>>> print(open('coords_20.tsv').read())   # TSV, C-alpha atoms and all ligand atoms
chain	number	residue	atom	x	y	z
A	1	MET	CA	17.25	-12.86	34.12
A	2	SER	CA	19.14	-12.98	30.87
A	3	VAL	CA	19.52	-9.85	28.81
A	4	THR	CA	18.23	-10.35	25.29
A	5	SER	CA	19.32	-8.41	22.26
A	6	GLY	CA	17.05	-5.57	21.30
A	7	ALA	CA	15.37	-5.52	24.70
A	8	ARG	CA	14.95	-2.04	26.05
A	9	GLN	CA	13.49	-3.29	29.27
A	10	SER	CA	12.12	-6.38	30.88
A	11	PHE	CA	9.04	-6.93	32.96
A	12	THR	CA	8.44	-8.76	36.18
A	13	GLY	CA	5.23	-9.36	38.09
A	14	LEU	CA	3.06	-9.21	34.98
A	15	ARG	CA	-0.63	-9.26	35.81
A	16	ALA	CA	-2.85	-11.19	33.40
A	17	GLU	CA	-5.84	-8.92	34.04
A	18	ARG	CA	-4.04	-5.82	32.88
A	19	ILE	CA	-2.57	-7.59	29.85
A	20	ALA	CA	-6.10	-8.69	28.94
A	21	GLU	CA	-7.25	-5.07	29.17
A	22	ASN	CA	-4.36	-3.94	27.00
A	23	LEU	CA	-5.21	-6.66	24.49
A	24	ALA	CA	-8.85	-5.55	24.39
A	25	ARG	CA	-7.73	-1.96	23.78
A	26	VAL	CA	-5.50	-3.12	20.94
A	27	ARG	CA	-8.44	-4.94	19.33
A	28	GLU	CA	-10.54	-1.78	19.66
A	29	ARG	CA	-7.78	0.26	18.03
A	30	ILE	CA	-7.56	-2.24	15.17
A	31	ALA	CA	-11.31	-1.97	14.62
A	32	ALA	CA	-11.16	1.83	14.83
A	33	ALA	CA	-8.47	1.79	12.14
A	34	GLY	CA	-10.97	0.08	9.84
A	35	ALA	CA	-9.69	-3.49	10.00
A	36	ASP	CA	-11.42	-6.63	11.26
A	37	PRO	CA	-9.76	-7.56	14.58
A	38	ALA	CA	-10.63	-11.21	13.95
A	39	ALA	CA	-8.54	-11.10	10.78
A	40	VAL	CA	-5.41	-9.71	12.44
A	41	GLU	CA	-3.23	-12.01	14.49
A	42	ILE	CA	-1.58	-10.45	17.51
A	43	CYS	CA	1.89	-11.88	17.95
A	44	ALA	CA	3.19	-10.91	21.39
A	45	ALA	CA	6.87	-10.00	21.22
A	46	ILE	CA	8.33	-11.72	24.26
A	47	LYS	CA	11.92	-10.51	24.21
A	48	TYR	CA	10.93	-8.34	27.20
A	49	VAL	CA	9.37	-11.23	29.11
A	50	ALA	CA	11.16	-13.86	31.20
A	51	ALA	CA	9.98	-17.45	30.94
A	52	ALA	CA	8.46	-17.39	34.41
A	53	GLU	CA	6.15	-14.53	33.37
A	54	LEU	CA	4.75	-16.22	30.28
A	55	PRO	CA	1.79	-17.98	31.94
A	56	ALA	CA	0.30	-14.51	32.63
A	57	LEU	CA	0.23	-13.87	28.88
A	58	ALA	CA	-1.62	-17.13	28.24
A	59	GLU	CA	-4.06	-16.34	31.02
A	60	ALA	CA	-4.71	-12.97	29.39
A	61	GLY	CA	-5.70	-14.70	26.17
A	62	ILE	CA	-2.50	-14.41	24.16
A	63	ASP	CA	-2.00	-17.52	22.04
A	64	LEU	CA	0.77	-16.48	19.67
A	65	VAL	CA	4.22	-15.32	20.74
A	66	GLY	CA	7.28	-14.17	18.82
A	67	GLU	CA	10.85	-14.33	20.08
A	68	ASN	CA	13.94	-12.63	18.66
A	69	ARG	CA	16.66	-15.03	19.63
A	70	ALA	CA	16.66	-18.72	18.86
A	71	GLN	CA	18.20	-19.72	22.17
A	72	ASP	CA	15.63	-17.68	24.12
A	73	LEU	CA	12.80	-19.14	22.08
A	74	LEU	CA	13.95	-22.68	22.78
A	75	ALA	CA	14.48	-22.01	26.48
A	76	LYS	CA	11.07	-20.40	26.93
A	77	ARG	CA	9.36	-23.00	24.79
A	78	SER	CA	10.94	-25.85	26.73
A	79	GLU	CA	9.00	-24.62	29.76
A	80	HIS	CA	5.76	-23.53	28.11
A	81	ALA	CA	5.48	-25.26	24.74
A	82	GLY	CA	1.77	-26.01	25.06
A	83	LEU	CA	0.69	-22.51	26.06
A	84	PHE	CA	1.32	-20.80	22.73
A	85	THR	CA	2.06	-21.03	19.06
A	86	TRP	CA	5.68	-19.96	18.63
A	87	ASP	CA	7.02	-17.73	15.86
A	88	PHE	CA	10.55	-16.47	15.30
A	89	ILE	CA	10.64	-12.73	14.59
A	90	GLY	CA	14.26	-11.62	15.10
A	91	ALA	CA	17.30	-11.25	12.92
A	92	LEU	CA	17.88	-14.77	11.62
A	93	GLN	CA	21.34	-16.28	11.75
A	94	SER	CA	21.26	-19.13	9.30
A	95	ARG	CA	23.06	-21.52	11.63
A	96	LYS	CA	20.08	-21.19	14.01
A	97	VAL	CA	17.61	-22.52	11.46
A	98	ARG	CA	18.32	-26.07	12.57
A	99	ASP	CA	17.38	-25.21	16.17
A	100	LEU	CA	14.14	-23.55	15.10
A	101	ALA	CA	12.97	-26.44	12.93
A	102	GLY	CA	10.36	-28.37	14.85
A	103	ALA	CA	9.89	-25.53	17.34
A	104	VAL	CA	8.16	-22.78	15.37
A	105	ARG	CA	5.07	-22.29	13.26
A	106	LEU	CA	6.81	-19.76	11.06
A	107	ILE	CA	9.89	-17.62	10.75
A	108	HIS	CA	8.99	-14.00	9.96
A	109	SER	CA	12.43	-12.87	8.97
A	110	VAL	CA	14.03	-15.00	6.28
A	111	ALA	CA	16.34	-12.77	4.27
A	112	SER	CA	19.44	-14.65	3.18
A	113	GLU	CA	20.45	-17.34	0.73
A	114	SER	CA	22.27	-19.16	3.51
A	115	ALA	CA	19.04	-19.35	5.52
A	116	LEU	CA	17.29	-20.85	2.48
A	117	ARG	CA	20.04	-23.46	2.19
A	118	ARG	CA	19.64	-24.41	5.85
A	119	LEU	CA	15.86	-24.60	5.49
A	120	ALA	CA	16.27	-27.24	2.81
A	121	ASP	CA	17.78	-29.56	5.43
A	122	HIS	CA	15.82	-28.27	8.43
A	123	PRO	CA	12.40	-27.21	7.19
A	124	VAL	CA	9.80	-25.24	9.11
A	125	PRO	CA	6.13	-25.29	8.07
A	126	GLU	CA	6.12	-21.79	6.57
A	127	ILE	CA	8.31	-18.75	6.18
A	128	LEU	CA	7.82	-15.08	5.56
A	129	VAL	CA	10.41	-13.16	3.58
A	130	GLU	CA	11.68	-10.00	5.19
A	131	VAL	CA	11.70	-7.16	2.70
A	132	ASN	CA	13.83	-4.03	2.88
A	133	VAL	CA	11.03	-1.89	1.44
A	134	ALA	CA	12.85	1.42	1.78
A	135	SER	CA	16.14	0.05	0.38
A	136	GLU	CA	17.97	1.17	3.50
A	137	ALA	CA	21.70	0.54	3.45
A	138	GLY	CA	22.89	-2.05	5.95
A	139	LYS	CA	19.39	-3.19	6.81
A	140	ALA	CA	18.22	-6.81	6.69
A	141	GLY	CA	15.73	-7.68	4.02
A	142	ILE	CA	15.43	-8.69	0.42
A	143	ALA	CA	15.15	-5.91	-2.16
A	144	PRO	CA	11.74	-5.88	-3.85
A	145	ALA	CA	13.34	-6.60	-7.23
A	146	GLU	CA	15.03	-9.73	-5.86
A	147	LEU	CA	11.82	-11.19	-4.43
A	148	PRO	CA	10.67	-13.38	-7.35
A	149	GLY	CA	13.96	-15.29	-7.49
A	150	PHE	CA	14.26	-15.53	-3.74
A	151	ILE	CA	10.75	-16.92	-3.37
A	152	ALA	CA	11.37	-19.39	-6.20
A	153	ARG	CA	14.51	-20.68	-4.47
A	154	ALA	CA	12.81	-21.17	-1.09
A	155	PRO	CA	12.67	-24.89	-0.21
A	156	VAL	CA	9.66	-24.42	2.11
A	157	PRO	CA	6.34	-22.61	1.53
A	158	VAL	CA	6.61	-18.81	1.48
A	159	THR	CA	3.25	-17.61	2.79
A	160	GLY	CA	3.88	-13.92	3.24
A	161	LEU	CA	6.14	-10.94	3.70
A	162	MET	CA	7.42	-9.02	6.70
A	163	THR	CA	8.99	-5.62	7.05
A	164	MET	CA	10.40	-3.27	9.63
A	165	PRO	CA	10.10	0.19	8.14
A	166	PRO	CA	12.71	2.90	8.75
A	167	ALA	CA	12.54	4.58	12.14
A	168	ALA	CA	9.90	7.28	11.82
A	169	GLU	CA	8.90	10.31	13.85
A	170	ARG	CA	5.24	9.72	13.08
A	171	PRO	CA	3.46	6.44	12.28
A	172	GLU	CA	1.95	8.11	9.23
A	173	ASN	CA	5.46	8.24	7.73
A	174	SER	CA	5.46	4.44	7.53
A	175	ARG	CA	2.21	4.17	5.62
A	176	HIS	CA	3.70	4.08	2.13
A	177	HIS	CA	6.18	1.39	3.18
A	178	PHE	CA	3.36	-0.80	4.49
A	179	ALA	CA	1.32	-0.12	1.38
A	180	ARG	CA	4.31	-1.15	-0.74
A	181	LEU	CA	4.69	-4.42	1.18
A	182	ALA	CA	0.99	-5.17	0.71
A	183	GLU	CA	1.34	-4.51	-3.00
A	184	LEU	CA	4.33	-6.85	-3.25
A	185	ALA	CA	2.48	-9.60	-1.36
A	186	ALA	CA	-0.49	-9.25	-3.70
A	187	GLU	CA	1.78	-9.41	-6.75
A	188	HIS	CA	3.23	-12.68	-5.50
A	189	GLY	CA	-0.06	-14.14	-4.29
A	190	LEU	CA	1.04	-14.21	-0.65
A	191	ALA	CA	-1.58	-14.07	2.09
A	192	ARG	CA	0.35	-13.12	5.20
A	193	LEU	CA	1.61	-9.63	5.97
A	194	SER	CA	3.63	-9.23	9.16
A	195	MET	CA	3.92	-5.51	9.74
A	196	GLY	CA	3.24	-3.04	12.52
A	197	THR	CA	4.49	-2.73	16.09
A	198	THR	CA	3.31	-0.70	19.07
A	199	GLN	CA	4.13	2.61	17.45
A	200	ASP	CA	2.47	2.09	14.09
A	201	LEU	CA	-0.12	-0.65	14.50
A	202	GLU	CA	-3.09	1.38	13.26
A	203	VAL	CA	-1.37	2.39	10.06
A	204	ALA	CA	-0.17	-1.18	9.50
A	205	VAL	CA	-3.61	-2.79	9.86
A	206	ALA	CA	-5.20	-0.07	7.74
A	207	GLU	CA	-2.73	-1.10	5.00
A	208	GLY	CA	-3.60	-4.78	5.34
A	209	ALA	CA	-1.40	-6.31	8.07
A	210	THR	CA	-2.53	-9.83	8.95
A	211	ILE	CA	-0.03	-10.19	11.81
A	212	VAL	CA	1.05	-7.35	14.09
A	213	ARG	CA	4.05	-7.90	16.36
A	214	LEU	CA	3.35	-6.13	19.62
A	215	GLY	CA	5.43	-5.73	22.75
A	216	SER	CA	5.27	-2.59	24.86
A	217	VAL	CA	1.58	-1.87	24.33
A	218	LEU	CA	0.63	-5.26	25.78
A	219	TYR	CA	2.76	-5.01	28.92
A	220	GLU	CA	2.17	-1.36	29.73
A	221	GLY	CA	1.12	-0.96	33.34
A	222	ALA	CA	0.94	-4.74	33.78
A	223	GLY	CA	4.09	-5.21	35.82
A	224	ASP	CA	7.34	-3.64	36.91
A	225	ALA	CA	9.62	-2.54	34.11
A	226	SER	CA	13.33	-2.68	34.80
B	301	LIG	C1	10.38	-6.10	19.90
B	301	LIG	C2	9.87	-6.33	18.55
B	301	LIG	C3	8.57	-5.97	18.21
B	301	LIG	C4	7.62	-5.28	19.17
B	301	LIG	O1	8.02	-3.96	19.41
B	301	LIG	P1	7.15	-3.00	20.36
B	301	LIG	O2	7.59	-1.65	19.94
B	301	LIG	O3	7.53	-3.32	21.75
B	301	LIG	O4	5.72	-3.26	20.08
B	301	LIG	C5	8.14	-6.27	16.92
B	301	LIG	N1	8.93	-6.86	16.01
B	301	LIG	C6	10.19	-7.20	16.28
B	301	LIG	C7	11.02	-7.84	15.24
B	301	LIG	C8	10.70	-6.94	17.56
B	301	LIG	O5	11.96	-7.27	17.85
>>> encode(input="coords_20.tsv", output="structure tokens")
Amino acid sequence: MSVTSGARQSFTGLRAERIAENLARVRERIAAAGADPAAVEICAAIKYVAAAELPALAEAGIDLVGENRAQDLLAKRSEHAGLFTWDFIGALQSRKVRDLAGAVRLIHSVASESALRRLADHPVPEILVEVNVASEAGKAGIAPAELPGFIARAPVPVTGLMTMPPAAERPENSRHHFARLAELAAEHGLARLSMGTTQDLEVAVAEGATIVRLGSVLYEGAGDAS
């Protein structure tokens, strides 16, 4: 099995039944947080999941997956294209845009001028702009003040925003970052908000997430972690 960047672990022997239970629990948690589960897309982060394990996700009812590396996305998609809608969620190297064109529904993480230039030649249906909401040094993402120009220069439709908030001890600490992203999306008339992972999904949906990117919580107890 190949090691993918950002993967803390990988799973083998995933059981669809347990993933389906985990998925049901996630939907309950979304509802308990005050959001409509039908209005929140669950994008399964598959950097932890080898291609051979993906049919278990489909069997469990997952229809949208997100991969972090272009080459892994293409490899997994070449085996299971029809099982899912495919999104790209990882750090985007602009030279990979060409590979993703024609393979993905949307890229969650567009954050450079060079990626915009590549998209002009190799368009994807939609993009989200990654925003560095907390203005962290060295972190990917467009500064909120730069958003209007960046969106105007995009050669493909910008339909939303994405963020990865600073590492936080408690999910509650991320709330104002999510609220800020929602405010920016509203200001720019953008419908999609990709925010929230396993550790802060309730706070994210309470602040208006329309896509949550979930890994660990879906695979917990469903297979052998290595
Ligand atoms: C892995 C990953 C996730 C999911 O993280 P979990 O903590 O496993 O839920 C979400 N977004 C991105 C960009 C990721 O790389």
>>> closest_atom_pairs(input="coords_20.tsv", of="chain A", to="ligand LIG 301 (chain B)", cutoff="12 Å", atoms="all atoms listed in the file", output="tab-separated table")
residue	atom	partner	partner_atom	distance
A:Thr4	CA	B:LIG301	O5	10.2
A:Ser5	CA	B:LIG301	O5	8.7
A:Gly6	CA	B:LIG301	O5	6.4
A:Ala7	CA	B:LIG301	C1	6.9
A:Arg8	CA	B:LIG301	O3	8.7
A:Gln9	CA	B:LIG301	O3	9.6
A:Ser10	CA	B:LIG301	O3	10.7
A:Phe11	CA	B:LIG301	O3	11.9
A:Val26	CA	B:LIG301	O4	11.3
A:Ile42	CA	B:LIG301	O4	10.6
A:Cys43	CA	B:LIG301	C5	8.5
A:Ala44	CA	B:LIG301	C4	7.5
A:Ala45	CA	B:LIG301	C4	5.2
A:Ile46	CA	B:LIG301	C1	7.4
A:Lys47	CA	B:LIG301	C1	6.4
A:Tyr48	CA	B:LIG301	C1	7.7
A:Val49	CA	B:LIG301	C1	10.6
A:Val65	CA	B:LIG301	C5	10.6
A:Gly66	CA	B:LIG301	C6	8.0
A:Glu67	CA	B:LIG301	O5	7.5
A:Asn68	CA	B:LIG301	O5	5.8
A:Arg69	CA	B:LIG301	O5	9.2
A:Asp87	CA	B:LIG301	C7	10.7
A:Phe88	CA	B:LIG301	C7	8.6
A:Ile89	CA	B:LIG301	C7	4.9
A:Gly90	CA	B:LIG301	C7	5.0
A:Ala91	CA	B:LIG301	C7	7.5
A:Leu92	CA	B:LIG301	C7	10.4
A:Ile107	CA	B:LIG301	C7	10.8
A:His108	CA	B:LIG301	C7	8.4
A:Ser109	CA	B:LIG301	C7	8.2
A:Val110	CA	B:LIG301	C7	11.9
A:Glu130	CA	B:LIG301	C7	10.3
A:Ala140	CA	B:LIG301	C7	11.2
A:Met162	CA	B:LIG301	C7	9.3
A:Thr163	CA	B:LIG301	C7	8.7
A:Met164	CA	B:LIG301	C7	7.3
A:Pro165	CA	B:LIG301	N1	10.6
A:Ala167	CA	B:LIG301	O2	11.1
A:Pro171	CA	B:LIG301	O2	11.9
A:Ser194	CA	B:LIG301	N1	9.0
A:Met195	CA	B:LIG301	N1	8.1
A:Gly196	CA	B:LIG301	C5	7.3
A:Thr197	CA	B:LIG301	O4	4.2
A:Thr198	CA	B:LIG301	O4	3.7
A:Gln199	CA	B:LIG301	O2	6.0
A:Asp200	CA	B:LIG301	O2	8.6
A:Leu201	CA	B:LIG301	O4	8.5
A:Ile211	CA	B:LIG301	C5	10.4
A:Val212	CA	B:LIG301	C5	7.7
A:Arg213	CA	B:LIG301	C5	4.4
A:Leu214	CA	B:LIG301	O4	3.8
A:Gly215	CA	B:LIG301	O3	3.3
A:Ser216	CA	B:LIG301	O3	3.9
A:Val217	CA	B:LIG301	O4	6.1
A:Leu218	CA	B:LIG301	O4	7.9
A:Tyr219	CA	B:LIG301	O3	8.8
A:Glu220	CA	B:LIG301	O3	9.8
>>> closest_residue(input="coords_20.tsv", among="A:Ala60, A:Leu73, A:Ala51, A:Val205", to="A:Asn22", atoms="only C-alpha atoms")
A:Ala60
>>> residues_around(input="coords_20.tsv", residues="A:Asn173", least_positions_apart="3", cutoff="12 Å", atoms="all atoms listed in the file", output="tab-separated table (two decimals) with C-alpha atoms, in the coordinates of the input")
chain	number	residue	atom	x	y	z
A	134	ALA	CA	12.85	1.42	1.78
A	165	PRO	CA	10.10	0.19	8.14
A	166	PRO	CA	12.71	2.90	8.75
A	167	ALA	CA	12.54	4.58	12.14
A	168	ALA	CA	9.90	7.28	11.82
A	169	GLU	CA	8.90	10.31	13.85
A	170	ARG	CA	5.24	9.72	13.08
A	176	HIS	CA	3.70	4.08	2.13
A	177	HIS	CA	6.18	1.39	3.18
A	178	PHE	CA	3.36	-0.80	4.49
A	179	ALA	CA	1.32	-0.12	1.38
A	199	GLN	CA	4.13	2.61	17.45
A	200	ASP	CA	2.47	2.09	14.09
A	203	VAL	CA	-1.37	2.39	10.06
A	204	ALA	CA	-0.17	-1.18	9.50
>>> closest_residue(input="coords_20.tsv", among="A:Ala111, A:Leu83, A:Leu64, A:Ala58", to="A:Lys139", atoms="only C-alpha atoms")
A:Ala111
>>> residues_around(input="coords_20.tsv", residues="A:Ala152", least_positions_apart="5", cutoff="12 Å", atoms="all atoms listed in the file", output="number ranges by chain")
A: 113, 116, 129, 146-147, 157-158, 188
>>> write_last_selection(input="coords_20.tsv", atoms="C-alpha atoms", output="PDB file, in the coordinates of the input")
ATOM      1  CA  GLU A 113      20.450 -17.340   0.730  1.00  0.00           C
ATOM      2  CA  LEU A 116      17.290 -20.850   2.480  1.00  0.00           C
ATOM      3  CA  VAL A 129      10.410 -13.160   3.580  1.00  0.00           C
ATOM      4  CA  GLU A 146      15.030  -9.730  -5.860  1.00  0.00           C
ATOM      5  CA  LEU A 147      11.820 -11.190  -4.430  1.00  0.00           C
ATOM      6  CA  PRO A 157       6.340 -22.610   1.530  1.00  0.00           C
ATOM      7  CA  VAL A 158       6.610 -18.810   1.480  1.00  0.00           C
ATOM      8  CA  HIS A 188       3.230 -12.680  -5.500  1.00  0.00           C
TER       9      HIS A 188
END
>>> atom_distance(input="coords_20.tsv", atom1="atom CA of A:Ser112", atom2="atom CA of A:Val40")
27.0 Å
>>> closest_residue(input="coords_20.tsv", among="A:Glu207, A:Glu21, A:Glu126, A:Asp36", to="A:Ile62", atoms="all atoms listed in the file")
A:Glu21
>>> closest_residue(input="coords_20.tsv", among="A:Ala20, A:Ala209, A:Ala222, A:Ala143", to="A:Ala35", atoms="all atoms listed in the file")
A:Ala209
>>> closest_residue(input="coords_20.tsv", among="A:Leu57, A:Ala52, A:Leu100, A:Ala31", to="A:Arg15", atoms="only C-alpha atoms")
A:Leu57
>>> atom_distance(input="coords_20.tsv", atom1="atom CA of A:Ala191", atom2="atom CA of A:Ala145")
19.1 Å
>>> atom_distance(input="coords_20.tsv", atom1="atom CA of A:Arg95", atom2="atom CA of A:Gly160")
22.3 Å
